[in-house]
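A.B. asks: Got protein_28.pdb for you, PDB, C-alpha atoms, pLDDT in the B column:
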ATOM      1  CA  MET A 910       0.000   0.000   0.000  1.00 87.00           C
ATOM      2  CA  GLN A 911       2.870   2.382   0.801  1.00 88.00           C
ATOM      3  CA  ALA A 912       4.424   1.734  -2.575  1.00 86.00           C
ATOM      4  CA  LEU A 913       1.144   2.536  -4.298  1.00 88.00           C
ATOM      5  CA  LEU A 914       0.856   5.816  -2.394  1.00 91.00           C
ATOM      6  CA  GLY A 915       4.469   6.656  -3.224  1.00 91.00           C
ATOM      7  CA  ILE A 916       3.968   5.956  -6.908  1.00 93.00           C
ATOM      8  CA  GLY A 917       0.730   7.952  -6.941  1.00 93.00           C
ATOM      9  CA  GLY A 918       2.410  10.881  -5.197  1.00 92.00           C
ATOM     10  CA  PHE A 919       5.286  10.749  -7.660  1.00 95.00           C
ATOM     11  CA  ILE A 920       2.898  10.789 -10.619  1.00 95.00           C
ATOM     12  CA  LEU A 921       0.944  13.732  -9.152  1.00 95.00           C
ATOM     13  CA  PHE A 922       4.141  15.644  -8.400  1.00 93.00           C
ATOM     14  CA  MET A 923       5.514  15.099 -11.910  1.00 95.00           C
ATOM     15  CA  GLY A 924       2.178  16.055 -13.455  1.00 96.00           C
ATOM     16  CA  TYR A 925       2.141  19.274 -11.443  1.00 95.00           C
ATOM     17  CA  GLY A 926       5.702  20.058 -12.549  1.00 93.00           C
ATOM     18  CA  ILE A 927       4.855  19.456 -16.201  1.00 95.00           C
ATOM     19  CA  LEU A 928       1.752  21.646 -15.865  1.00 95.00           C
ATOM     20  CA  GLN A 929       3.906  24.401 -14.370  1.00 95.00           C
ATOM     21  CA  ILE A 930       6.385  24.156 -17.237  1.00 95.00           C
ATOM     22  CA  VAL A 931       3.530  24.348 -19.745  1.00 96.00           C
ATOM     23  CA  ALA A 932       2.068  27.379 -17.972  1.00 96.00           C
ATOM     24  CA  GLY A 933       5.516  28.994 -17.870  1.00 96.00           C
ATOM     25  CA  TYR A 934       6.021  28.399 -21.567  1.00 97.00           C
ATOM     26  CA  VAL A 935       2.578  29.785 -22.403  1.00 97.00           C
ATOM     27  CA  GLY A 936       3.076  32.867 -20.214  1.00 97.00           C
ATOM     28  CA  ILE A 937       6.516  33.689 -21.590  1.00 97.00           C
ATOM     29  CA  ASP A 938       5.351  33.009 -25.149  1.00 96.00           C
ATOM     30  CA  PHE A 939       2.375  35.336 -24.625  1.00 96.00           C
ATOM     31  CA  HIS A 940       4.504  38.219 -23.372  1.00 96.00           C
ATOM     32  CA  PHE A 941       7.909  37.759 -25.042  1.00 96.00           C
ATOM     33  CA  GLY A 942       7.581  35.207 -27.833  1.00 95.00           C
ATOM     34  CA  ALA A 943       8.361  31.559 -28.454  1.00 95.00           C
ATOM     35  CA  VAL A 944      12.143  32.045 -28.672  1.00 97.00           C
ATOM     36  CA  TRP A 945      12.391  33.414 -25.134  1.00 96.00           C
ATOM     37  CA  ALA A 946      10.025  30.735 -23.891  1.00 96.00           C
ATOM     38  CA  GLY A 947      12.337  28.106 -25.361  1.00 95.00           C
ATOM     39  CA  VAL A 948      15.357  29.782 -23.768  1.00 95.00           C
ATOM     40  CA  ALA A 949      13.581  29.719 -20.399  1.00 95.00           C
ATOM     41  CA  ILE A 950      12.774  26.008 -20.777  1.00 94.00           C
ATOM     42  CA  VAL A 951      16.408  25.237 -21.669  1.00 94.00           C
ATOM     43  CA  ALA A 952      17.654  27.327 -18.740  1.00 93.00           C
ATOM     44  CA  ALA A 953      15.285  25.530 -16.380  1.00 92.00           C
ATOM     45  CA  LEU A 954      16.162  22.031 -17.538  1.00 91.00           C
ATOM     46  CA  MET A 955      19.896  22.397 -18.184  1.00 94.00           C
ATOM     47  CA  PHE A 956      20.991  24.946 -15.609  1.00 94.00           C
ATOM     48  CA  ARG A 957      18.269  24.472 -12.954  1.00 90.00           C
ATOM     49  CA  PHE A 958      17.427  28.179 -13.170  1.00 91.00           C
ATOM     50  CA  THR A 959      13.660  28.062 -12.687  1.00 90.00           C
ATOM     51  CA  LEU A 960      12.863  31.684 -11.857  1.00 92.00           C
ATOM     52  CA  PRO A 961      11.764  32.565 -15.435  1.00 94.00           C
ATOM     53  CA  ILE A 962       9.497  29.506 -15.543  1.00 95.00           C
ATOM     54  CA  THR A 963       7.961  30.416 -12.180  1.00 94.00           C
ATOM     55  CA  ILE A 964       7.266  33.985 -13.277  1.00 95.00           C
ATOM     56  CA  GLY A 965       6.025  32.749 -16.650  1.00 96.00           C
ATOM     57  CA  ALA A 966       3.728  30.236 -14.918  1.00 96.00           C
ATOM     58  CA  PHE A 967       2.229  33.053 -12.877  1.00 96.00           C
ATOM     59  CA  PHE A 968       1.574  35.196 -15.924  1.00 96.00           C
ATOM     60  CA  GLY A 969       0.471  32.217 -17.991  1.00 96.00           C
ATOM     61  CA  ALA A 970      -2.135  31.248 -15.408  1.00 96.00           C
ATOM     62  CA  MET A 971      -3.238  34.829 -14.843  1.00 96.00           C
ATOM     63  CA  ASP A 972      -3.142  36.407 -18.303  1.00 96.00           C
ATOM     64  CA  VAL A 973      -3.621  33.455 -20.644  1.00 96.00           C
ATOM     65  CA  TRP A 974      -5.805  31.112 -18.606  1.00 96.00           C
ATOM     66  CA  GLY A 975      -7.693  33.942 -16.871  1.00 95.00           C
ATOM     67  CA  TRP A 976      -7.085  32.897 -13.251  1.00 96.00           C
ATOM     68  CA  HIS A 977      -7.323  35.310 -10.340  1.00 96.00           C
ATOM     69  CA  TRP A 978      -3.878  36.626  -9.360  1.00 95.00           C
ATOM     70  CA  GLY A 979      -3.987  34.940  -5.945  1.00 92.00           C
ATOM     71  CA  PHE A 980      -4.670  31.493  -7.374  1.00 94.00           C
ATOM     72  CA  ALA A 981      -2.066  32.067 -10.078  1.00 96.00           C
ATOM     73  CA  ALA A 982       0.512  32.961  -7.412  1.00 94.00           C
ATOM     74  CA  LEU A 983      -0.285  29.826  -5.398  1.00 93.00           C
ATOM     75  CA  PHE A 984      -0.049  27.735  -8.556  1.00 95.00           C
ATOM     76  CA  ALA A 985       3.280  29.227  -9.623  1.00 93.00           C
ATOM     77  CA  ALA A 986       4.894  29.297  -6.163  1.00 90.00           C
ATOM     78  CA  PRO A 987       3.017  27.014  -3.753  1.00 88.00           C
ATOM     79  CA  GLY A 988       5.636  27.613  -1.068  1.00 83.00           C
ATOM     80  CA  LEU A 989       4.086  31.053  -0.570  1.00 80.00           C
ATOM     81  CA  ALA A 990       1.217  29.329   1.238  1.00 80.00           C
ATOM     82  CA  PHE A 991       3.704  28.395   3.985  1.00 82.00           C
ATOM     83  CA  LEU A 992       6.036  31.383   3.740  1.00 83.00           C
ATOM     84  CA  ILE A 993       3.524  34.191   4.212  1.00 82.00           C
ATOM     85  CA  PRO A 994       1.975  32.900   7.477  1.00 84.00           C
ATOM     86  CA  GLY A 995       5.475  32.295   8.846  1.00 84.00           C
ATOM     87  CA  VAL A 996       6.543  35.860   8.076  1.00 85.00           C
ATOM     88  CA  ILE A 997       3.368  37.245   9.639  1.00 88.00           C
ATOM     89  CA  LEU A 998       3.916  35.127  12.750  1.00 86.00           C
ATOM     90  CA  SER A 999       7.523  36.298  13.090  1.00 87.00           C
ATOM     91  CA  ILE A1000       6.413  39.931  12.783  1.00 90.00           C
ATOM     92  CA  ILE A1001       3.770  39.408  15.472  1.00 89.00           C
ATOM     93  CA  GLU A1002       6.345  37.734  17.740  1.00 87.00           C
ATOM     94  CA  GLY A1003       8.747  40.629  17.186  1.00 85.00           C
ATOM     95  CA  VAL A1004       6.087  43.169  18.120  1.00 87.00           C
ATOM     96  CA  LYS A1005       5.154  41.247  21.293  1.00 82.00           C
ATOM     97  CA  ARG A1006       8.703  41.515  22.682  1.00 74.00           C
TER
END
Now that the file is in, can you turn its structure into C-alpha cells?
C.D. replies:
Amino acid sequence: MQALLGIGGFILFMGYGILQIVAGYVGIDFHFGAVWAGVAIVAALMFRFTLPITIGAFFGAMDVWGWHWGFAALFAAPGLAFLIPGVILSIIEGVKR
C-alpha cells in the first residue's frame, strides 16, 4: 500500500511540474515570444534556473488562462502558502517583545 501511495504521489508531483512548465512556456510566449520561452525552458532544464518559468507560470495562469492573481501565485509558487503565514507570525512575535 505504501508503494502505491508513493507511486501515486510521484505521478501527481511530476504532473504538477509538467503543468507548471507548460504554464511557464505559455506565459513567456504570450509576453515575449516563443524564442524566449524556449530559452527559459532550456535554462530551467539544463541549468536548474527556474525563476523565469515560475514567473512565466504566474503570468500564464493569470493572463492566458484567466485565473485570479492569488490562485495564479499559489499555482506558480506554492511555497508562498507556507512562507507568508510564517513571516506574519515572526512579525507578530517581534512586536510582542
A.B. asks: Please expand the PyMOL selection byres ((chain A and resi 986) around 10) into the concrete residues it hits in this file, giving the result as an mmCIF file with C-alpha atoms, keeping the file's coordinate frame.
C.D. replies:
data_model
loop_
_atom_site.group_PDB
_atom_site.id
_atom_site.type_symbol
_atom_site.label_atom_id
_atom_site.label_comp_id
_atom_site.auth_asym_id
_atom_site.auth_seq_id
_atom_site.Cartn_x
_atom_site.Cartn_y
_atom_site.Cartn_z
ATOM 1 C CA GLN A 929 3.906 24.401 -14.370
ATOM 2 C CA THR A 963 7.961 30.416 -12.180
ATOM 3 C CA ILE A 964 7.266 33.985 -13.277
ATOM 4 C CA ALA A 966 3.728 30.236 -14.918
ATOM 5 C CA PHE A 967 2.229 33.053 -12.877
ATOM 6 C CA PHE A 980 -4.670 31.493 -7.374
ATOM 7 C CA ALA A 981 -2.066 32.067 -10.078
ATOM 8 C CA ALA A 982 0.512 32.961 -7.412
ATOM 9 C CA LEU A 983 -0.285 29.826 -5.398
ATOM 10 C CA PHE A 984 -0.049 27.735 -8.556
ATOM 11 C CA ALA A 985 3.280 29.227 -9.623
ATOM 12 C CA PRO A 987 3.017 27.014 -3.753
ATOM 13 C CA GLY A 988 5.636 27.613 -1.068
ATOM 14 C CA LEU A 989 4.086 31.053 -0.570
ATOM 15 C CA ALA A 990 1.217 29.329 1.238
#
A.B. asks: Can you turn the PyMOL selection byres ((chain A and resi 947-959) around 10) into a concrete residue list for this file, as a PDB file with C-alpha atoms, in the frame of the given file?
C.D. replies:
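Below is the file that was written, part_24.pdb:
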ATOM      1  CA  ILE A 930       6.385  24.156 -17.237  1.00 95.00           C
ATOM      2  CA  VAL A 931       3.530  24.348 -19.745  1.00 96.00           C
ATOM      3  CA  GLY A 933       5.516  28.994 -17.870  1.00 96.00           C
ATOM      4  CA  TYR A 934       6.021  28.399 -21.567  1.00 97.00           C
ATOM      5  CA  ILE A 937       6.516  33.689 -21.590  1.00 97.00           C
ATOM      6  CA  ASP A 938       5.351  33.009 -25.149  1.00 96.00           C
ATOM      7  CA  GLY A 942       7.581  35.207 -27.833  1.00 95.00           C
ATOM      8  CA  ALA A 943       8.361  31.559 -28.454  1.00 95.00           C
ATOM      9  CA  VAL A 944      12.143  32.045 -28.672  1.00 97.00           C
ATOM     10  CA  TRP A 945      12.391  33.414 -25.134  1.00 96.00           C
ATOM     11  CA  ALA A 946      10.025  30.735 -23.891  1.00 96.00           C
ATOM     12  CA  LEU A 960      12.863  31.684 -11.857  1.00 92.00           C
ATOM     13  CA  PRO A 961      11.764  32.565 -15.435  1.00 94.00           C
ATOM     14  CA  ILE A 962       9.497  29.506 -15.543  1.00 95.00           C
ATOM     15  CA  THR A 963       7.961  30.416 -12.180  1.00 94.00           C
ATOM     16  CA  ILE A 964       7.266  33.985 -13.277  1.00 95.00           C
ATOM     17  CA  GLY A 965       6.025  32.749 -16.650  1.00 96.00           C
TER      18      GLY A 965
END
A.B. asks: In Å, rounded to a single decimal, give me how far atom CA of Phe968 of chain A is from atom CA of Ile920 of chain A.
C.D. replies: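 It comes out at 25.0 Å.
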A.B. asks: Can you work out the spacing between atom CA of Leu992 of chain A and atom CA of Trp978 of chain A in Å, to one decimal?
C.D. replies: 17.2 Å
A.B. asks: Quick one: distance from atom CA of Val973 of chain A to atom CA of Val935 of chain A in Å, one decimal?
C.D. replies: 7.4 Å
A.B. asks: Could you please fill out segment 947-964 of chain A with N, CA, C and O atoms and send it back as a PDB file, in the frame of the given file?
C.D. replies:
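Below is the file out-v7.pdb, written as the result:
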ATOM      1  N   GLY A 947      11.421  29.231 -25.182  1.00 95.00           N
ATOM      2  CA  GLY A 947      12.337  28.106 -25.361  1.00 95.00           C
ATOM      3  C   GLY A 947      13.624  28.287 -24.573  1.00 95.00           C
ATOM      4  O   GLY A 947      14.134  27.321 -23.982  1.00 95.00           O
ATOM      5  N   VAL A 948      14.146  29.499 -24.551  1.00 95.00           N
ATOM      6  CA  VAL A 948      15.357  29.782 -23.768  1.00 95.00           C
ATOM      7  C   VAL A 948      15.094  29.536 -22.285  1.00 95.00           C
ATOM      8  O   VAL A 948      15.941  28.977 -21.582  1.00 95.00           O
ATOM      9  N   ALA A 949      13.923  29.933 -21.810  1.00 95.00           N
ATOM     10  CA  ALA A 949      13.581  29.719 -20.399  1.00 95.00           C
ATOM     11  C   ALA A 949      13.463  28.231 -20.077  1.00 95.00           C
ATOM     12  O   ALA A 949      13.911  27.787 -19.011  1.00 95.00           O
ATOM     13  N   ILE A 950      12.895  27.456 -20.985  1.00 94.00           N
ATOM     14  CA  ILE A 950      12.774  26.008 -20.777  1.00 94.00           C
ATOM     15  C   ILE A 950      14.170  25.378 -20.727  1.00 94.00           C
ATOM     16  O   ILE A 950      14.464  24.551 -19.857  1.00 94.00           O
ATOM     17  N   VAL A 951      15.038  25.774 -21.653  1.00 94.00           N
ATOM     18  CA  VAL A 951      16.408  25.237 -21.669  1.00 94.00           C
ATOM     19  C   VAL A 951      17.146  25.628 -20.391  1.00 94.00           C
ATOM     20  O   VAL A 951      17.830  24.804 -19.779  1.00 94.00           O
ATOM     21  N   ALA A 952      16.996  26.878 -19.966  1.00 93.00           N
ATOM     22  CA  ALA A 952      17.654  27.327 -18.740  1.00 93.00           C
ATOM     23  C   ALA A 952      17.144  26.555 -17.529  1.00 93.00           C
ATOM     24  O   ALA A 952      17.912  26.217 -16.625  1.00 93.00           O
ATOM     25  N   ALA A 953      15.853  26.262 -17.507  1.00 92.00           N
ATOM     26  CA  ALA A 953      15.285  25.530 -16.380  1.00 92.00           C
ATOM     27  C   ALA A 953      15.757  24.087 -16.356  1.00 92.00           C
ATOM     28  O   ALA A 953      16.081  23.553 -15.294  1.00 92.00           O
ATOM     29  N   LEU A 954      15.817  23.447 -17.503  1.00 91.00           N
ATOM     30  CA  LEU A 954      16.162  22.031 -17.538  1.00 91.00           C
ATOM     31  C   LEU A 954      17.673  21.783 -17.490  1.00 91.00           C
ATOM     32  O   LEU A 954      18.111  20.829 -16.854  1.00 91.00           O
ATOM     33  N   MET A 955      18.448  22.634 -18.135  1.00 94.00           N
ATOM     34  CA  MET A 955      19.896  22.397 -18.184  1.00 94.00           C
ATOM     35  C   MET A 955      20.643  23.018 -17.015  1.00 94.00           C
ATOM     36  O   MET A 955      21.589  22.429 -16.502  1.00 94.00           O
ATOM     37  N   PHE A 956      20.237  24.212 -16.620  1.00 94.00           N
ATOM     38  CA  PHE A 956      20.991  24.946 -15.609  1.00 94.00           C
ATOM     39  C   PHE A 956      20.266  25.053 -14.270  1.00 94.00           C
ATOM     40  O   PHE A 956      20.765  25.700 -13.360  1.00 94.00           O
ATOM     41  N   ARG A 957      19.087  24.447 -14.163  1.00 90.00           N
ATOM     42  CA  ARG A 957      18.269  24.472 -12.954  1.00 90.00           C
ATOM     43  C   ARG A 957      17.983  25.897 -12.490  1.00 90.00           C
ATOM     44  O   ARG A 957      17.931  26.180 -11.298  1.00 90.00           O
ATOM     45  N   PHE A 958      17.780  26.788 -13.439  1.00 91.00           N
ATOM     46  CA  PHE A 958      17.427  28.179 -13.170  1.00 91.00           C
ATOM     47  C   PHE A 958      15.941  28.320 -13.487  1.00 91.00           C
ATOM     48  O   PHE A 958      15.551  28.562 -14.615  1.00 91.00           O
ATOM     49  N   THR A 959      15.100  28.159 -12.467  1.00 90.00           N
ATOM     50  CA  THR A 959      13.660  28.062 -12.687  1.00 90.00           C
ATOM     51  C   THR A 959      12.893  29.352 -12.458  1.00 90.00           C
ATOM     52  O   THR A 959      11.669  29.367 -12.610  1.00 90.00           O
ATOM     53  N   LEU A 960      13.569  30.428 -12.107  1.00 92.00           N
ATOM     54  CA  LEU A 960      12.863  31.684 -11.857  1.00 92.00           C
ATOM     55  C   LEU A 960      12.053  32.156 -13.066  1.00 92.00           C
ATOM     56  O   LEU A 960      10.896  32.556 -12.894  1.00 92.00           O
ATOM     57  N   PRO A 961      12.598  32.141 -14.298  1.00 94.00           N
ATOM     58  CA  PRO A 961      11.764  32.565 -15.435  1.00 94.00           C
ATOM     59  C   PRO A 961      10.524  31.694 -15.636  1.00 94.00           C
ATOM     60  O   PRO A 961       9.450  32.204 -15.974  1.00 94.00           O
ATOM     61  N   ILE A 962      10.647  30.389 -15.393  1.00 95.00           N
ATOM     62  CA  ILE A 962       9.497  29.506 -15.543  1.00 95.00           C
ATOM     63  C   ILE A 962       8.456  29.807 -14.463  1.00 95.00           C
ATOM     64  O   ILE A 962       7.248  29.805 -14.733  1.00 95.00           O
ATOM     65  N   THR A 963       8.892  30.091 -13.255  1.00 94.00           N
ATOM     66  CA  THR A 963       7.961  30.416 -12.180  1.00 94.00           C
ATOM     67  C   THR A 963       7.210  31.701 -12.482  1.00 94.00           C
ATOM     68  O   THR A 963       5.975  31.767 -12.333  1.00 94.00           O
ATOM     69  N   ILE A 964       7.911  32.718 -12.924  1.00 95.00           N
ATOM     70  CA  ILE A 964       7.266  33.985 -13.277  1.00 95.00           C
ATOM     71  C   ILE A 964       6.367  33.790 -14.494  1.00 95.00           C
ATOM     72  O   ILE A 964       5.244  34.305 -14.538  1.00 95.00           O
TER      73      ILE A 964
END
